[in-house]
>>> print(open('upload.csv').read())   # CSV, C-alpha atoms
chain,number,residue,atom,x,y,z
A,7,MET,CA,80.5,69.2,51.3
A,8,SER,CA,81.6,71.5,54.1
A,9,PHE,CA,84.5,73.8,54.8
A,10,SER,CA,86.4,74.8,57.9
A,11,ILE,CA,85.8,78.0,59.7
A,12,ASP,CA,89.5,78.9,59.3
A,13,TRP,CA,89.3,78.5,55.5
A,14,LEU,CA,86.1,80.6,55.3
A,15,ASN,CA,87.7,83.3,57.5
A,16,LEU,CA,90.8,83.3,55.3
A,17,ARG,CA,89.0,83.7,52.0
A,18,GLU,CA,86.3,86.2,53.1
A,19,PRO,CA,88.4,89.4,52.6
A,20,ALA,CA,89.2,88.4,49.1
A,21,ASP,CA,85.5,87.4,48.5
A,22,SER,CA,84.4,90.8,49.8
A,23,ARG,CA,86.7,92.7,47.5
A,24,ALA,CA,85.8,90.5,44.5
A,25,ARG,CA,82.0,90.7,44.5
A,26,ASP,CA,80.7,92.6,41.5
A,27,SER,CA,79.6,95.9,42.9
A,28,ALA,CA,77.3,96.7,40.0
A,29,LEU,CA,75.2,93.6,40.6
A,30,ILE,CA,74.9,94.4,44.3
A,31,ALA,CA,73.8,97.9,43.4
A,32,ARG,CA,71.2,96.5,41.0
A,33,LEU,CA,69.9,94.2,43.6
A,34,THR,CA,69.8,96.9,46.2
A,35,ASP,CA,67.9,99.2,43.9
A,36,TRP,CA,65.4,96.4,43.2
A,37,THR,CA,64.5,96.1,46.9
A,38,ALA,CA,64.0,99.9,47.0
A,39,GLY,CA,64.4,100.0,50.8
A,40,ARG,CA,61.4,97.7,51.4
A,41,PRO,CA,61.5,94.8,53.9
A,42,VAL,CA,62.7,91.6,52.3
A,43,ARG,CA,63.0,88.0,53.3
A,44,VAL,CA,66.4,86.6,52.3
A,45,LEU,CA,67.2,82.9,52.1
A,46,ASP,CA,70.9,82.1,52.2
A,47,LEU,CA,71.7,78.7,50.8
A,48,GLY,CA,74.9,77.0,52.1
A,49,SER,CA,75.6,80.1,54.2
A,50,GLY,CA,78.6,78.9,56.2
A,51,THR,CA,79.4,81.4,58.9
A,52,GLY,CA,77.4,84.2,57.1
A,53,SER,CA,79.7,85.8,54.6
A,54,SER,CA,76.8,86.7,52.3
A,55,TYR,CA,74.9,88.2,55.3
A,56,ARG,CA,77.9,90.3,56.2
A,57,ALA,CA,78.4,91.5,52.6
A,58,LEU,CA,74.7,92.3,51.8
A,59,ALA,CA,72.7,92.8,55.0
A,60,PRO,CA,74.1,96.3,55.7
A,61,ALA,CA,72.6,97.4,52.3
A,62,LEU,CA,69.5,95.2,52.1
A,63,GLY,CA,68.4,94.9,55.7
A,64,GLY,CA,65.5,92.5,55.8
A,65,HIS,CA,65.0,89.2,57.5
A,66,TRP,CA,67.7,86.6,56.8
A,67,THR,CA,67.4,82.9,57.1
A,68,LEU,CA,70.8,81.1,56.9
A,69,THR,CA,71.0,77.4,56.0
A,70,ASP,CA,73.9,74.9,56.0
A,71,ILE,CA,74.5,71.2,56.5
A,72,ASP,CA,77.3,72.0,58.9
A,73,THR,CA,76.1,72.8,62.4
A,74,ALA,CA,79.5,74.1,63.5
A,75,LEU,CA,79.3,76.8,60.8
A,76,LEU,CA,75.8,77.8,61.8
A,77,ALA,CA,76.8,78.0,65.4
A,78,GLU,CA,79.6,80.3,64.5
A,79,ALA,CA,77.2,82.5,62.4
A,80,HIS,CA,74.8,82.6,65.4
A,81,ARG,CA,77.7,83.5,67.7
A,82,ARG,CA,78.6,86.5,65.5
A,83,HIS,CA,75.1,87.7,64.6
A,84,GLY,CA,72.5,86.1,66.8
A,85,ASP,CA,71.5,89.3,68.5
A,86,GLU,CA,71.1,91.3,65.3
A,87,PRO,CA,67.5,92.2,64.3
A,88,THR,CA,67.9,91.1,60.7
A,89,PHE,CA,69.2,87.7,61.7
A,90,ALA,CA,66.6,84.9,61.9
A,91,PRO,CA,67.2,81.5,63.4
A,92,ALA,CA,69.5,79.5,61.2
A,93,ARG,CA,68.4,76.2,59.7
A,94,HIS,CA,70.4,73.0,59.6
A,95,LEU,CA,69.4,71.2,56.4
A,96,ASP,CA,70.7,69.2,53.4
A,97,LEU,CA,70.3,71.2,50.2
A,98,VAL,CA,70.1,68.1,48.2
A,99,GLN,CA,67.1,66.8,50.1
A,100,ASP,CA,65.5,70.0,51.3
A,101,LEU,CA,65.9,72.6,48.6
A,102,GLU,CA,62.3,72.9,47.4
A,103,ALA,CA,60.9,72.5,51.0
A,104,VAL,CA,62.9,75.4,52.5
A,105,ILE,CA,62.1,77.7,49.6
A,106,SER,CA,58.4,76.9,50.0
A,107,ASP,CA,58.6,77.4,53.7
A,108,VAL,CA,60.6,80.7,53.9
A,109,ARG,CA,58.9,82.2,50.8
A,110,PRO,CA,61.9,84.5,50.2
A,111,ASP,CA,62.1,87.7,48.2
A,112,ILE,CA,65.8,86.9,47.6
A,113,ILE,CA,67.7,83.7,47.4
A,114,CYS,CA,71.4,84.0,47.7
A,115,GLY,CA,74.6,82.0,48.0
A,116,SER,CA,78.3,82.3,47.7
A,117,ALA,CA,80.8,79.9,46.2
A,118,LEU,CA,78.0,77.3,45.9
A,119,ILE,CA,76.7,76.6,42.4
A,120,ASP,CA,80.0,75.6,41.0
A,121,LEU,CA,79.9,72.6,43.4
A,122,ALA,CA,76.5,71.6,42.1
A,123,SER,CA,75.3,69.3,39.3
A,124,SER,CA,73.2,70.3,36.3
A,125,THR,CA,70.3,68.3,37.9
A,126,TRP,CA,70.5,70.3,41.2
A,127,LEU,CA,70.8,73.6,39.2
A,128,ASP,CA,67.7,72.6,37.2
A,129,ARG,CA,65.9,72.1,40.5
A,130,LEU,CA,66.9,75.5,41.8
A,131,ALA,CA,65.7,77.2,38.6
A,132,CYS,CA,62.4,75.4,38.7
A,133,ALA,CA,61.9,76.1,42.4
A,134,LEU,CA,62.7,79.9,42.0
A,135,PRO,CA,59.3,81.7,42.5
A,136,ARG,CA,58.4,84.1,39.8
A,137,GLY,CA,58.7,87.1,42.1
A,138,THR,CA,61.9,86.1,43.8
A,139,ALA,CA,65.4,87.4,43.0
A,140,LEU,CA,68.4,85.1,42.9
A,141,TYR,CA,72.0,86.2,43.6
A,142,MET,CA,74.8,83.7,43.4
A,143,ALA,CA,78.2,85.1,43.9
A,144,LEU,CA,81.8,83.9,43.5
A,145,SER,CA,81.3,80.8,41.4
A,146,TYR,CA,84.7,79.6,40.2
A,147,ASP,CA,85.1,80.1,36.4
A,148,GLY,CA,88.3,78.0,35.8
A,149,VAL,CA,90.6,80.9,34.8
A,150,GLU,CA,93.7,81.2,36.9
A,151,VAL,CA,96.9,83.2,36.4
A,152,TRP,CA,99.9,82.6,38.8
A,153,THR,CA,102.9,84.9,38.4
A,154,PRO,CA,105.6,83.8,38.1
A,155,GLU,CA,104.1,80.8,36.3
A,156,PRO,CA,104.8,77.6,38.2
A,157,PRO,CA,106.4,74.6,36.4
A,158,HIS,CA,103.9,72.1,34.9
A,159,GLU,CA,101.1,74.6,35.2
A,160,GLY,CA,99.2,73.6,32.1
A,161,VAL,CA,99.0,69.9,32.9
A,162,ALA,CA,98.3,70.5,36.5
A,163,GLN,CA,95.6,73.1,35.9
A,164,ALA,CA,93.9,70.8,33.4
A,165,ALA,CA,93.8,68.1,36.1
A,166,PHE,CA,92.5,70.5,38.6
A,167,LEU,CA,89.6,71.5,36.3
A,168,ASP,CA,88.8,67.8,35.9
A,169,HIS,CA,88.6,67.5,39.7
A,170,GLN,CA,86.3,70.5,39.9
A,171,ARG,CA,83.7,68.5,37.9
A,172,THR,CA,83.7,65.5,40.3
A,173,ASP,CA,80.9,64.9,42.8
A,174,LYS,CA,81.0,67.5,45.7
A,175,GLY,CA,77.8,66.2,47.3
A,176,PHE,CA,75.3,67.5,44.7
A,177,GLY,CA,76.1,65.0,41.9
A,178,PRO,CA,78.8,65.6,39.2
A,179,ALA,CA,79.7,69.2,39.6
A,180,MET,CA,79.4,71.7,36.8
A,181,GLY,CA,82.4,73.6,38.1
A,182,PRO,CA,83.4,76.5,35.8
A,183,ASP,CA,80.3,76.0,33.6
A,184,ALA,CA,77.8,76.4,36.4
A,185,ALA,CA,77.1,80.2,36.3
A,186,ARG,CA,76.5,80.3,32.6
A,187,TYR,CA,74.4,77.2,32.7
A,188,LEU,CA,72.2,78.6,35.4
A,189,ALA,CA,71.9,81.9,33.7
A,190,GLU,CA,70.7,80.3,30.5
A,191,LYS,CA,68.1,78.3,32.5
A,192,LEU,CA,66.7,81.4,34.2
A,193,ALA,CA,66.7,83.9,31.4
A,194,GLY,CA,63.2,84.1,29.9
A,195,GLU,CA,59.7,85.3,30.6
A,196,THR,CA,60.0,85.5,34.4
A,197,HIS,CA,63.5,86.8,35.1
A,198,ARG,CA,66.2,89.1,33.7
A,199,VAL,CA,69.7,87.8,34.3
A,200,TRP,CA,73.1,89.4,34.5
A,201,LEU,CA,76.6,87.9,35.0
A,202,GLY,CA,79.6,89.8,36.4
A,203,ASP,CA,83.2,89.1,36.9
A,204,SER,CA,84.4,88.7,40.5
A,205,PRO,CA,88.0,87.6,40.4
A,206,TRP,CA,90.3,87.3,43.4
A,207,ILE,CA,93.3,89.5,42.9
A,208,LEU,CA,96.0,88.5,45.4
A,209,ASP,CA,99.5,89.7,46.0
A,210,GLY,CA,102.3,88.9,48.4
A,211,LYS,CA,100.5,90.5,51.3
A,212,GLU,CA,98.0,87.6,51.2
A,213,ARG,CA,100.6,84.9,51.5
A,214,ASP,CA,98.5,82.7,53.8
A,215,LEU,CA,95.7,82.6,51.3
A,216,ILE,CA,98.0,81.9,48.4
A,217,SER,CA,99.7,79.1,50.3
A,218,ALA,CA,96.4,77.6,51.3
A,219,LEU,CA,95.2,77.7,47.6
A,220,ALA,CA,98.5,76.1,46.5
A,221,ALA,CA,98.1,73.3,49.1
A,222,GLY,CA,94.5,72.7,48.3
A,223,SER,CA,95.0,72.5,44.5
A,224,ALA,CA,98.0,70.2,45.0
A,225,GLU,CA,95.8,67.8,47.0
A,226,ALA,CA,93.2,67.7,44.2
A,227,VAL,CA,95.8,67.3,41.4
A,228,ALA,CA,97.6,64.5,43.4
A,229,GLN,CA,94.4,62.4,43.1
A,230,SER,CA,94.6,62.6,39.3
A,231,GLY,CA,98.1,61.1,38.9
A,232,ALA,CA,98.7,63.7,36.1
A,233,LEU,CA,102.1,64.7,37.7
A,234,THR,CA,104.9,62.6,39.3
A,235,ASP,CA,105.5,63.2,42.9
A,236,ALA,CA,108.5,65.4,42.1
A,237,GLN,CA,106.6,67.4,39.5
A,238,LEU,CA,103.7,67.9,41.9
A,239,GLU,CA,106.0,69.1,44.6
A,240,ASP,CA,107.7,71.6,42.2
A,241,TRP,CA,104.3,72.8,41.0
A,242,ALA,CA,102.9,73.3,44.5
A,243,ALA,CA,106.0,75.1,45.6
A,244,GLY,CA,105.8,77.4,42.6
A,245,ARG,CA,102.3,78.3,43.3
A,246,ALA,CA,103.0,78.9,47.0
A,247,ALA,CA,105.8,81.3,46.0
A,248,ALA,CA,103.7,83.3,43.5
A,249,ASP,CA,103.7,87.0,44.1
A,250,HIS,CA,100.5,87.8,42.1
A,251,VAL,CA,97.5,85.5,41.6
A,252,ARG,CA,94.2,85.9,39.8
A,253,ILE,CA,91.5,83.4,40.4
A,254,GLY,CA,88.4,83.9,38.2
A,255,HIS,CA,84.9,83.9,39.6
A,256,THR,CA,81.5,84.9,38.2
A,257,ASP,CA,78.5,86.5,40.0
A,258,LEU,CA,75.0,85.9,38.8
A,259,LEU,CA,71.9,88.0,39.5
A,260,ALA,CA,68.4,87.2,38.3
A,261,LEU,CA,65.6,89.7,38.9
A,262,PRO,CA,61.9,89.2,38.4
A,263,ARG,CA,60.5,90.9,35.3
A,264,ASP,CA,58.0,93.7,36.1
>>> encode(input="upload.csv", output="structure tokens")
Amino acid sequence: MSFSIDWLNLREPADSRARDSALIARLTDWTAGRPVRVLDLGSGTGSSYRALAPALGGHWTLTDIDTALLAEAHRRHGDEPTFAPARHLDLVQDLEAVISDVRPDIICGSALIDLASSTWLDRLACALPRGTALYMALSYDGVEVWTPEPPHEGVAQAAFLDHQRTDKGFGPAMGPDAARYLAEKLAGETHRVWLGDSPWILDGKERDLISALAAGSAEAVAQSGALTDAQLEDWAAGRAAADHVRIGHTDLLALPRD
């Protein structure tokens, strides 16, 4: 599954504000200013790089299945000393191989694990080296509040959550359950795990993002048949007109035990 550059650009300011600052501080403290190798899974145009590299420094390897997104990342950052050549790969086929090859100190990703199946998350947990940190930000948690509430919100949101669990290219997606599932897989003898809230808080100044979210969710709900065409139109219009929106996300940090 891939996303357009326009959509990634539109969401990045909200992503940047939403990231749990305490988890980023904990990760930064763990690096203690030492050089680190960072592997960014499903990097897109480099939003995680832009959010974290100023604090972490290091040597970043970006990966994505979409060559256009990697080309855009290189256009923006190719001359920066922390930016290594990006890698075009399929995370379903190549996950373990790229981790073995890069030998990262940190593996990171944004808005990724909620798209993945339990099988893929199991593979990620098994492939995580004992001494490597994992930081997965902005996983959708299924909690949305649109104000004023659109008509038919309950039925439509339930249908949208069902859609979030369909196959996004990694097998049947875990959707809102992904972050907690992965946290439970990782917590144990080798890693300590923290979860943090990272909700988007949007107001009328971000009308373009609100409208795009309304349109995207309507497209998903339309596939379910849960609403009539007229109900779907009313619901989507109500979302597009909302003046305050909260979209829940969860950040996950796993640090190696001493």
>>> atom_distance(input="upload.csv", atom1="atom CA of His80 of chain A", atom2="atom CA of Gly52 of chain A")
8.8 Å
>>> closest_atom_pairs(input="upload.csv", of="segment 34-100 of chain A", to="segment 11-17 of chain A", cutoff="9 Å", atoms="only C-alpha atoms", output="CSV")
residue,atom,partner,partner_atom,distance
A:Gly50,CA,A:Leu14,CA,7.7
A:Thr51,CA,A:Ile11,CA,7.3
A:Ser53,CA,A:Leu14,CA,8.3
A:Ala74,CA,A:Ile11,CA,8.3
A:Leu75,CA,A:Ile11,CA,6.7
A:Glu78,CA,A:Ile11,CA,8.2
>>> residues_around(input="upload.csv", residues="segment 218-220 of chain A", least_positions_apart="5", cutoff="9 Å", atoms="only C-alpha atoms", output="VMD selection string")
chain A and resid 13 16 213 225 241 to 247
>>> closest_residue(input="upload.csv", among="A:Ala59, A:Ser49, A:Arg252, A:Ala165", to="Thr73 of chain A", atoms="all atoms listed in the file")
A:Ser49
>>> atom_distance(input="upload.csv", atom1="atom CA of Val251 of chain A", atom2="atom CA of Asp209 of chain A")
6.4 Å
>>> residues_around(input="upload.csv", residues="Glu150 of chain A", least_positions_apart="5", cutoff="12 Å", atoms="only C-alpha atoms", output="list in words")
Glu155, Pro156, Glu159, Gly160, Ala162, Gln163, Ala164, Phe166, Leu167, Pro182, Pro205, Trp206, Ile207, Leu208, Leu219, Ala220, Ser223, Arg245, His250, Val251, Arg252, Ile253, Gly254 and His255 of chain A
>>> write_last_selection(input="upload.csv", atoms="C-alpha atoms", output="PDB file, in the coordinates of the input")
ATOM      1  CA  GLU A 155     104.100  80.800  36.300  1.00  0.00           C
ATOM      2  CA  PRO A 156     104.800  77.600  38.200  1.00  0.00           C
ATOM      3  CA  GLU A 159     101.100  74.600  35.200  1.00  0.00           C
ATOM      4  CA  GLY A 160      99.200  73.600  32.100  1.00  0.00           C
ATOM      5  CA  ALA A 162      98.300  70.500  36.500  1.00  0.00           C
ATOM      6  CA  GLN A 163      95.600  73.100  35.900  1.00  0.00           C
ATOM      7  CA  ALA A 164      93.900  70.800  33.400  1.00  0.00           C
ATOM      8  CA  PHE A 166      92.500  70.500  38.600  1.00  0.00           C
ATOM      9  CA  LEU A 167      89.600  71.500  36.300  1.00  0.00           C
ATOM     10  CA  PRO A 182      83.400  76.500  35.800  1.00  0.00           C
ATOM     11  CA  PRO A 205      88.000  87.600  40.400  1.00  0.00           C
ATOM     12  CA  TRP A 206      90.300  87.300  43.400  1.00  0.00           C
ATOM     13  CA  ILE A 207      93.300  89.500  42.900  1.00  0.00           C
ATOM     14  CA  LEU A 208      96.000  88.500  45.400  1.00  0.00           C
ATOM     15  CA  LEU A 219      95.200  77.700  47.600  1.00  0.00           C
ATOM     16  CA  ALA A 220      98.500  76.100  46.500  1.00  0.00           C
ATOM     17  CA  SER A 223      95.000  72.500  44.500  1.00  0.00           C
ATOM     18  CA  ARG A 245     102.300  78.300  43.300  1.00  0.00           C
ATOM     19  CA  HIS A 250     100.500  87.800  42.100  1.00  0.00           C
ATOM     20  CA  VAL A 251      97.500  85.500  41.600  1.00  0.00           C
ATOM     21  CA  ARG A 252      94.200  85.900  39.800  1.00  0.00           C
ATOM     22  CA  ILE A 253      91.500  83.400  40.400  1.00  0.00           C
ATOM     23  CA  GLY A 254      88.400  83.900  38.200  1.00  0.00           C
ATOM     24  CA  HIS A 255      84.900  83.900  39.600  1.00  0.00           C
TER      25      HIS A 255
END
>>> atom_distance(input="upload.csv", atom1="atom CA of Thr172 of chain A", atom2="atom CA of Gly115 of chain A")
20.4 Å
>>> residues_near_point(input="upload.csv", point="(71.1, 77.2, 52.8)", cutoff="8 Å", atoms="all atoms listed in the file", output="PDB file with C-alpha atoms, in the frame of the given file")
ATOM      1  CA  LEU A  45      67.200  82.900  52.100  1.00  0.00           C
ATOM      2  CA  ASP A  46      70.900  82.100  52.200  1.00  0.00           C
ATOM      3  CA  LEU A  47      71.700  78.700  50.800  1.00  0.00           C
ATOM      4  CA  GLY A  48      74.900  77.000  52.100  1.00  0.00           C
ATOM      5  CA  SER A  49      75.600  80.100  54.200  1.00  0.00           C
ATOM      6  CA  LEU A  68      70.800  81.100  56.900  1.00  0.00           C
ATOM      7  CA  THR A  69      71.000  77.400  56.000  1.00  0.00           C
ATOM      8  CA  ASP A  70      73.900  74.900  56.000  1.00  0.00           C
ATOM      9  CA  ILE A  71      74.500  71.200  56.500  1.00  0.00           C
ATOM     10  CA  ARG A  93      68.400  76.200  59.700  1.00  0.00           C
ATOM     11  CA  LEU A  95      69.400  71.200  56.400  1.00  0.00           C
ATOM     12  CA  LEU A  97      70.300  71.200  50.200  1.00  0.00           C
ATOM     13  CA  GLY A 115      74.600  82.000  48.000  1.00  0.00           C
TER      14      GLY A 115
END
>>> residues_around(input="upload.csv", residues="segment 120-130 of chain A", least_positions_apart="3", cutoff="6 Å", atoms="all atoms listed in the file", output="PDB file with C-alpha atoms, in the coordinates of the input")
ATOM      1  CA  ALA A 133      61.900  76.100  42.400  1.00  0.00           C
ATOM      2  CA  SER A 145      81.300  80.800  41.400  1.00  0.00           C
ATOM      3  CA  LYS A 174      81.000  67.500  45.700  1.00  0.00           C
ATOM      4  CA  PHE A 176      75.300  67.500  44.700  1.00  0.00           C
ATOM      5  CA  GLY A 177      76.100  65.000  41.900  1.00  0.00           C
ATOM      6  CA  PRO A 178      78.800  65.600  39.200  1.00  0.00           C
ATOM      7  CA  ALA A 179      79.700  69.200  39.600  1.00  0.00           C
ATOM      8  CA  MET A 180      79.400  71.700  36.800  1.00  0.00           C
ATOM      9  CA  GLY A 181      82.400  73.600  38.100  1.00  0.00           C
ATOM     10  CA  ALA A 184      77.800  76.400  36.400  1.00  0.00           C
TER      11      ALA A 184
END
>>> closest_residue(input="upload.csv", among="A:Asp72, A:Thr88, A:Ala248, A:Arg82", to="Ser10 of chain A", atoms="all atoms listed in the file")
A:Asp72
>>> closest_residue(input="upload.csv", among="A:Thr256, A:Thr196, A:Ser230, A:Thr37", to="Gly148 of chain A", atoms="all atoms listed in the file")
A:Thr256
>>> residues_around(input="upload.csv", residues="His197 of chain A", least_positions_apart="5", cutoff="7 Å", atoms="all atoms listed in the file", output="list in words")
Leu192, Ala260, Leu261, Pro262 and Arg263 of chain A
>>> closest_residue(input="upload.csv", among="A:Cys132, A:Leu188, A:Leu233, A:Val227", to="His169 of chain A", atoms="all atoms listed in the file")
A:Val227
>>> decode(input="upload.csv", residues="segment 23-112 of chain A", atoms="C-alpha atoms", output="compact mmCIF listing (two decimals), in the first residue's frame")
# COMPACT_ATOMS: atom_id res chain seq x y z
CA ARG A 23 2.46 18.03 16.62
CA ALA A 24 0.93 14.73 17.69
CA ARG A 25 4.06 12.66 18.35
CA ASP A 26 4.48 11.83 22.03
CA SER A 27 7.33 14.10 23.12
CA ALA A 28 8.11 12.02 26.22
CA LEU A 29 8.83 8.93 24.13
CA ILE A 30 11.05 10.91 21.77
CA ALA A 31 12.96 12.31 24.76
CA ARG A 32 13.37 8.80 26.17
CA LEU A 33 14.71 7.54 22.83
CA THR A 34 17.07 10.52 22.54
CA ASP A 35 18.38 9.92 26.06
CA TRP A 36 18.98 6.26 25.20
CA THR A 37 21.22 7.21 22.30
CA ALA A 38 23.20 9.51 24.64
CA GLY A 39 24.62 11.43 21.69
CA ARG A 40 26.40 8.38 20.23
CA PRO A 41 26.32 7.65 16.50
CA VAL A 42 23.40 5.42 15.62
CA ARG A 43 22.20 3.57 12.54
CA VAL A 44 18.49 4.14 11.95
CA LEU A 45 16.33 1.99 9.67
CA ASP A 46 13.08 3.70 8.64
CA LEU A 47 10.46 1.19 7.47
CA GLY A 48 7.87 2.49 5.01
CA SER A 49 9.52 5.88 5.15
CA GLY A 50 7.51 7.68 2.49
CA THR A 51 9.11 11.06 1.82
CA GLY A 52 10.99 11.00 5.14
CA SER A 53 8.62 12.35 7.80
CA SER A 54 10.25 10.29 10.57
CA TYR A 55 13.66 11.51 9.40
CA ARG A 56 12.52 15.12 9.59
CA ALA A 57 10.98 14.58 13.02
CA LEU A 58 13.85 12.67 14.64
CA ALA A 59 17.14 13.23 12.81
CA PRO A 60 17.70 16.74 14.27
CA ALA A 61 17.76 15.19 17.75
CA LEU A 62 19.24 11.76 16.99
CA GLY A 63 21.67 12.52 14.19
CA GLY A 64 23.12 9.22 13.05
CA HIS A 65 23.03 7.40 9.74
CA TRP A 66 19.54 6.92 8.29
CA THR A 67 18.43 4.30 5.77
CA LEU A 68 14.96 5.00 4.38
CA THR A 69 12.94 2.20 2.80
CA ASP A 70 9.71 2.15 0.83
CA ILE A 71 7.97 0.19 -1.91
CA ASP A 72 7.09 3.42 -3.75
CA THR A 73 10.02 4.77 -5.78
CA ALA A 74 8.33 8.16 -6.25
CA LEU A 75 8.25 8.71 -2.49
CA LEU A 76 11.90 7.71 -2.15
CA ALA A 77 12.84 10.05 -4.98
CA GLU A 78 11.07 12.89 -3.19
CA ALA A 79 12.91 12.05 0.04
CA HIS A 80 16.22 12.12 -1.83
CA ARG A 81 15.31 15.44 -3.48
CA ARG A 82 14.73 16.98 -0.06
CA HIS A 83 17.57 15.38 1.90
CA GLY A 84 20.03 13.67 -0.42
CA ASP A 85 22.86 16.11 0.37
CA GLU A 86 22.52 15.83 4.16
CA PRO A 87 25.29 13.90 5.95
CA THR A 88 22.85 11.82 8.03
CA PHE A 89 20.94 10.66 4.94
CA ALA A 90 22.10 7.33 3.47
CA PRO A 91 20.98 6.01 0.07
CA ALA A 92 17.33 5.00 0.30
CA ARG A 93 16.27 1.44 -0.49
CA HIS A 94 13.38 0.36 -2.67
CA LEU A 95 11.98 -2.83 -1.16
CA ASP A 96 8.85 -4.75 -0.26
CA LEU A 97 8.49 -5.01 3.52
CA VAL A 98 6.46 -8.20 3.19
CA GLN A 99 9.23 -10.00 1.34
CA ASP A 100 12.32 -8.17 2.56
CA LEU A 101 11.75 -7.31 6.25
CA GLU A 102 14.23 -9.70 7.85
CA ALA A 103 16.81 -9.25 5.09
CA VAL A 104 16.99 -5.47 5.38
CA ILE A 105 17.24 -5.61 9.18
CA SER A 106 20.07 -8.13 8.92
CA ASP A 107 21.86 -6.07 6.29
CA VAL A 108 21.59 -2.62 7.90
CA ARG A 109 22.18 -3.86 11.47
CA PRO A 110 20.33 -0.85 12.90
CA ASP A 111 20.53 0.57 16.39
CA ILE A 112 16.99 1.94 15.92
